[in-house]
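The structure under discussion appears below in the form of structure tokens.
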Amino acid sequence: MKIFTGAQIRELDKYTIEHEPIKSIDLMERAARALTRAITDRWGNCTKVVVFAGPGNNGGDALAVARMLAERKYSVSVYLFNISGKLSDDCTTNRQRLTECKAVKEFTEVINEFDPPKLESGMLVVDGLFGSGLNKPLAGGFASLVKYINQSSATVVSIDVPSGLMTEDNTYNVRANIIKANVTFTLQNKKLSFFFPENQKFIGELNVLDIGLSKDGMKSLSTHYSVLEESELYPRILHRGDYSHKGDMGHALIIAGSYGMAGAAILATKACLRSGVGKVTVCTPRRNNDIMQVSVPEAVMCIDKEETYFSEAVDATDFDAIGIGPGLGQQESSAIALITQIRRTQAPIVIDADGLNMLSSHRAWLQQLPHGIIMTPHPKEYERLAGNHFSDSYERLASAMDMAERLHAFIILKGHYSALCMPDGNIVFNPTGNAGMATAGSGDVLTGIITGLLARGYKQADACLLGMYLHGLSGDIAAQSLGVESVVASDLINYLPQAFKHLYGIVS
Ligand SMILES: NC(=O)C1=CN([C@@H]2O[C@H](COP(=O)(O)OP(=O)(O)OC[C@H]3O[C@@H](n4cnc5c(N)ncnc54)[C@H](O)[C@@H]3O)[C@@H](O)[C@H]2O)[C@H](O)CC1
Ligand SMILES: [K+]
């Protein structure tokens, strides 16, 4: 599903108005009907409603919703903020319709002085101050109103976007002046800023309402951002031939685990084996040998000459993919072995965890990474890699997008919605996964899965998309059966077969 910017939403509106064709005011009426239905489905007409409408089309939506609620016998008080004396055309029309509607008993147009109504628990506030047209942080009277609403105990429903929140970049926004909604009914598509964890407290529960914007228009608009849909994966899935043998299914190399961190190597290797690959070799320090042999009997061992850390690059000629980094430690000699390994390897590479941390300590090496390399940092690892502190997720994502383009790399920024930044500048958010996956070792499993998929024959982009999706899906299935609190990384491996079965079951 595409994620449109504010400017693109306006283009899409225009396209729909021209091509459906539909008048702009009728499109607003359609949006208001969908919003009214969503509100009346949840709150009965004994709920007292206070509507705050701004001067633009978000305010127009709010005025139309107020009229429709009043017609359905809700008691509605409406405040329209017309401070600058300039309303959008459709907002003006809806002000007219509202004042002509006999069911509306309380309507105040605020021109300068504003005496705020009492907001109490059990009341519903409809926030229609600003939506996708917000162009600067809220200040002055609007900021005071937002604070007043936020400190009240009323339930707040935001139309399209919590007022004060930008649809994309909130790096320089004033967070105290953004509505904290209990529920956001967004129109047609999720906005980019909804994917960032620090904005969840403003959005509350998110619902997307279809307002019938032109499907052709949406198809023809190209976007940098999208959310992965399961159906996009179906055509990418590789099938196992009936006569395949392990030699056809790829040979993966996992370089992981220093002494004391054998678990990371075990998790990555097991996950790799469960991802359809024919054979997995693990390179790990001498002291991990016994525990690896016992824990993952299916793996072939390639023991480093050192007892406790990775010290020597492996001959990579026979491998179809390499995953390097989980629990690897950050010894300087491991860093030298890492860059040597990268230089010597022709096959696709996934770098994670300490692999990334060591690159961060030698940032000049980033220029030497082969095109198509996959890196899977969590936010802190990415900050070290970029050598920068970011004030919010948007800034971090913009930086990762830039790095992916510059290095021709695939960067998966891990998080609630992991984001794959591709070398062509596109960013895909993964919709699967849950808070239960915020647990040690979860990233090692992702590295194993993606390495396995690469060795199995998937191209980098497909391995990343399928890997992120399966990893999250496995976490969702695990959480369904175990509860989010108790999911551990091994569960992600144990439930991986069910995630595969789900996808393959649909495709075959
Ligand atoms: N396709 C759709 O999704 C549809 C959305 N609709 C609704 O329209 C709004 C967007 O409307 P727009 O008029 O473009 O913008 P806003 O109402 O958000 O506000 C614009 C208005 O506000 C002024 N302004 C901007 N920032 C500030 C600020 N910081 N302080 C004060 N004033 C500010 C600006 O100058 C304008 O006057 C969308 O969210 C939906 O709710 C349509 O109804 C149907 C199609
Ligand atoms: K709003």
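The chains in the structure tokens are called A, B, ... from first to last as shown; in each chain the residues are counted from 1, and the ligands are counted from 1 in the order shown.
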Quick one: residues within 7 Å of segment 313-322 of chain A, only C-alpha atoms counted, chain neighbours fewer than 3 positions away excluded, as a compact mmCIF listing (two decimals) with N, CA and C atoms, in the first residue's frame?
```
# COMPACT_ATOMS: atom_id res chain seq x y z
N GLY A 250 21.24 -24.25 -1.88
CA GLY A 250 22.14 -23.22 -1.38
C GLY A 250 22.91 -23.61 -0.14
N HIS A 251 24.07 -22.95 -0.01
CA HIS A 251 24.95 -23.20 1.14
C HIS A 251 25.24 -21.85 1.79
N ALA A 252 24.81 -21.71 3.04
CA ALA A 252 24.97 -20.44 3.75
C ALA A 252 26.10 -20.53 4.76
N LEU A 253 26.77 -19.40 4.97
CA LEU A 253 27.80 -19.32 6.01
C LEU A 253 27.35 -18.29 7.04
N ILE A 254 27.35 -18.72 8.30
CA ILE A 254 27.04 -17.78 9.39
C ILE A 254 28.33 -17.58 10.19
N ALA A 337 39.42 -8.97 10.53
CA ALA A 337 38.92 -10.20 9.87
C ALA A 337 37.61 -9.91 9.14
N LEU A 338 36.77 -9.06 9.75
CA LEU A 338 35.48 -8.71 9.13
C LEU A 338 35.69 -8.04 7.77
N THR A 340 38.30 -8.04 5.91
CA THR A 340 38.95 -8.97 4.99
C THR A 340 37.91 -9.92 4.40
N GLN A 341 37.03 -10.41 5.28
CA GLN A 341 35.97 -11.32 4.83
C GLN A 341 35.09 -10.64 3.78
N THR A 345 34.65 -11.81 -0.28
CA THR A 345 33.41 -12.54 -0.56
C THR A 345 32.71 -12.01 -1.80
N ALA A 347 29.73 -13.58 -2.75
CA ALA A 347 28.30 -13.86 -2.52
C ALA A 347 27.65 -12.71 -1.75
N PRO A 348 26.31 -12.64 -1.79
CA PRO A 348 25.61 -11.60 -1.01
C PRO A 348 25.89 -11.71 0.49
N ILE A 349 25.95 -10.56 1.15
CA ILE A 349 26.32 -10.53 2.57
C ILE A 349 25.25 -9.81 3.39
N VAL A 350 24.99 -10.36 4.59
CA VAL A 350 24.15 -9.65 5.56
C VAL A 350 25.04 -9.29 6.75
N THR A 451 19.82 -14.51 5.58
CA THR A 451 20.98 -15.21 5.00
C THR A 451 20.51 -16.51 4.34
N LEU A 454 18.76 -15.77 1.05
CA LEU A 454 19.72 -15.39 0.00
C LEU A 454 20.40 -16.64 -0.57
N ALA A 455 20.84 -17.51 0.32
CA ALA A 455 21.53 -18.73 -0.13
C ALA A 455 20.58 -19.62 -0.92
```
Give the residue list for ligand 2 at 6 Å, counting only C-alpha atoms and all ligand atoms, as a ChimeraX atom specification, sorted by chain and then by residue number.
-> /A:127-131,158-163
Using only C-alpha atoms, find each residue of segment 139-243 of chain A with at least one atom at most 10 Å away from an atom of segment 8-17 of chain A; report its shortest atom-to-atom pair and that distance in Å (one decimal), sort the rows by chain and rising residue number, and return the result as JSON lines.
```
{"residue": "A:Leu187", "atom": "CA", "partner": "A:Ile9", "partner_atom": "CA", "distance": 10.0}
{"residue": "A:Gln188", "atom": "CA", "partner": "A:Ile9", "partner_atom": "CA", "distance": 9.5}
{"residue": "A:Asn189", "atom": "CA", "partner": "A:Ile9", "partner_atom": "CA", "distance": 9.1}
{"residue": "A:Lys191", "atom": "CA", "partner": "A:Ile9", "partner_atom": "CA", "distance": 9.8}
{"residue": "A:Gly212", "atom": "CA", "partner": "A:Thr16", "partner_atom": "CA", "distance": 8.6}
{"residue": "A:Leu213", "atom": "CA", "partner": "A:Thr16", "partner_atom": "CA", "distance": 5.8}
{"residue": "A:Ser214", "atom": "CA", "partner": "A:Thr16", "partner_atom": "CA", "distance": 5.0}
{"residue": "A:Lys215", "atom": "CA", "partner": "A:Thr16", "partner_atom": "CA", "distance": 8.7}
{"residue": "A:Asp216", "atom": "CA", "partner": "A:Thr16", "partner_atom": "CA", "distance": 8.9}
{"residue": "A:Gly217", "atom": "CA", "partner": "A:Leu12", "partner_atom": "CA", "distance": 6.0}
{"residue": "A:Met218", "atom": "CA", "partner": "A:Leu12", "partner_atom": "CA", "distance": 6.9}
{"residue": "A:Ser220", "atom": "CA", "partner": "A:Leu12", "partner_atom": "CA", "distance": 9.8}
{"residue": "A:Leu221", "atom": "CA", "partner": "A:Gln8", "partner_atom": "CA", "distance": 7.8}
{"residue": "A:Ser222", "atom": "CA", "partner": "A:Gln8", "partner_atom": "CA", "distance": 9.3}
{"residue": "A:Thr223", "atom": "CA", "partner": "A:Gln8", "partner_atom": "CA", "distance": 8.7}
```
Pull N, CA and C atoms from the residues just selected and write them as an mmCIF file, in the first residue's frame.
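What landed in result11.cif:
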```cif
data_model
loop_
_atom_site.group_PDB
_atom_site.id
_atom_site.type_symbol
_atom_site.label_atom_id
_atom_site.label_comp_id
_atom_site.auth_asym_id
_atom_site.auth_seq_id
_atom_site.Cartn_x
_atom_site.Cartn_y
_atom_site.Cartn_z
ATOM 1 N N LEU A 187 -8.128 9.425 6.682
ATOM 2 C CA LEU A 187 -8.864 9.256 5.434
ATOM 3 C C LEU A 187 -7.996 8.567 4.371
ATOM 4 N N GLN A 188 -8.516 7.502 3.858
ATOM 5 C CA GLN A 188 -7.970 6.753 2.716
ATOM 6 C C GLN A 188 -6.652 6.026 2.961
ATOM 7 N N ASN A 189 -5.616 6.758 3.420
ATOM 8 C CA ASN A 189 -4.297 6.124 3.564
ATOM 9 C C ASN A 189 -3.607 6.574 4.844
ATOM 10 N N LYS A 191 -0.641 8.006 6.990
ATOM 11 C CA LYS A 191 0.357 9.027 6.672
ATOM 12 C C LYS A 191 1.723 8.543 7.179
ATOM 13 N N GLY A 212 -13.078 6.551 -0.989
ATOM 14 C CA GLY A 212 -13.262 6.343 -2.434
ATOM 15 C C GLY A 212 -12.468 7.278 -3.323
ATOM 16 N N LEU A 213 -11.226 7.614 -2.918
ATOM 17 C CA LEU A 213 -10.383 8.400 -3.837
ATOM 18 C C LEU A 213 -10.053 7.524 -5.042
ATOM 19 N N SER A 214 -9.775 8.156 -6.169
ATOM 20 C CA SER A 214 -9.603 7.434 -7.429
ATOM 21 C C SER A 214 -8.528 6.351 -7.360
ATOM 22 N N LYS A 215 -8.934 5.125 -7.681
ATOM 23 C CA LYS A 215 -7.986 4.005 -7.673
ATOM 24 C C LYS A 215 -6.928 4.211 -8.764
ATOM 25 N N ASP A 216 -7.380 4.713 -9.941
ATOM 26 C CA ASP A 216 -6.424 4.978 -11.033
ATOM 27 C C ASP A 216 -5.421 6.034 -10.609
ATOM 28 N N GLY A 217 -5.935 7.055 -9.927
ATOM 29 C CA GLY A 217 -5.071 8.134 -9.446
ATOM 30 C C GLY A 217 -4.006 7.574 -8.511
ATOM 31 N N MET A 218 -4.425 6.705 -7.610
ATOM 32 C CA MET A 218 -3.470 6.141 -6.642
ATOM 33 C C MET A 218 -2.439 5.268 -7.347
ATOM 34 N N SER A 220 -1.397 5.590 -10.412
ATOM 35 C CA SER A 220 -0.463 6.335 -11.259
ATOM 36 C C SER A 220 0.506 7.213 -10.459
ATOM 37 N N LEU A 221 0.202 7.487 -9.210
ATOM 38 C CA LEU A 221 1.119 8.320 -8.411
ATOM 39 C C LEU A 221 2.249 7.456 -7.881
ATOM 40 N N SER A 222 3.474 7.842 -8.182
ATOM 41 C CA SER A 222 4.562 7.021 -7.638
ATOM 42 C C SER A 222 5.026 7.625 -6.316
ATOM 43 N N THR A 223 5.319 6.745 -5.360
ATOM 44 C CA THR A 223 5.712 7.205 -4.024
ATOM 45 C C THR A 223 7.018 6.522 -3.627
#
```
Contact residues around His416 of chain A with only C-alpha atoms at 9 Å, ignoring same-chain residues under 3 positions, as number ranges by chain = A: 195-197, 430-435, 437-438
Quick one: pull the distance between atom CA of Gln330 of chain A and atom CA of Gly355 of chain A, Å, one decimal.
->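 Distance reported for this atom pair: 8.0 Å.
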